[in-house]
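Read the structure below first, then the notes.
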Amino acid sequence: MNNQTFYIHEKLVEDCIKGNSKAQFKLYQQYAKAMFNLAYRFVNNREDAEDILQETFTDCFRSIGSFRFESTIGAWIKATLINHCINHLKKRKIDLQYYDTVPEPAGEDEEETEFNISEIFRGIEKLPDGYRIILTLYLLEGYDHSEISQILGISESTSKSQYSRAKDKLRRMLKNKRYG
């Protein structure tokens, strides 16, 4: 990504820094839906995701003067949102369980099965928090395992193994639902 990409919303950000409420609303409109979807995938609760979204944008607008155009404004907002989601989960004292073993399914076929997007997202919602968060960060948000390990405070190998186990569990859940 070249530096010009980081400046795509430069005027809009500068107007937000000046406190222009119309610019803030425009920035909110551009990113709110995607950020809500990400928050929802993390916390798995509509009301909590809405609260986190509002807290995120409030914090971003409060501290937008510290934005240095070293990344896109969307990436900066996303990083803030992810931190809010993780803090929310910690406040709720949700234990992000990382499993050492996953039971092997008996006699499972290795053939690939196609599932529609809504089935997959419903399956992701049912994963344990630790699995869901790592799967979301890696598969849906494009973070690598090194970044995930830093975000969640776990080792890179834990991130990799939990991602693999999350995929396996999701695959089994989807197959059991369809053919169960």
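How things are named: the first chain in the structure tokens is A, the next is B, and so on; residues count from 1 in each chain; ligands count from 1 in the order shown.
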Among range 10-133 of chain A, which ones does DSSP assign to helix (DSSP H, G or I) (computed from the backbone)? Answer as an MDAnalysis selection string.
chainID A and resid 10:17 21:43 46:62 64:66 73:91 117:126 129:133
Nearest candidate to Glu119 in chain A (options A:Leu53, A:Val43, A:Cys16, A:Met173; using only C-alpha atoms)
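Closest residue, counting only C-alpha atoms: A:Met173.
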Could you check the closest approach to Gly19 in chain A for each of A:Leu137, A:Ala39, A:Cys60, A:Leu152 and tell me which residue wins, using only C-alpha atoms?
A:Cys60
Which neighbours of Cys85 in chain A fall inside 12 Å, counting only C-alpha atoms, when residues of the same chain fewer than 6 positions from it are skipped, and could you give them as a PyMOL selection string?
chain A and resi 35-45+48-56+78-79+91-92+94+129+133+137+151-152
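One distance worth recording is that between CA of Ile17 in chain A and CA of Phe61 in chain A, which is 7.7 Å.
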Near-Asp144 in chain A list (12 Å; only C-alpha atoms; drop same-chain fewer than 6 positions) as a PyMOL selection string:
chain A and resi 134-138+150-151+156-157+159-160+163
Who sits within 10 Å of Lys167 in chain A, only C-alpha atoms, same chain under 4 positions skipped, as a ChimeraX atom specification:
/A:124,127,131-132,135,139,161-163,171-173
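Of the listed residues A:Phe57, A:Phe67, A:Phe121, A:Tyr28, the one whose atoms come nearest to His84 in chain A is A:Phe57, with distances taken using only C-alpha atoms.
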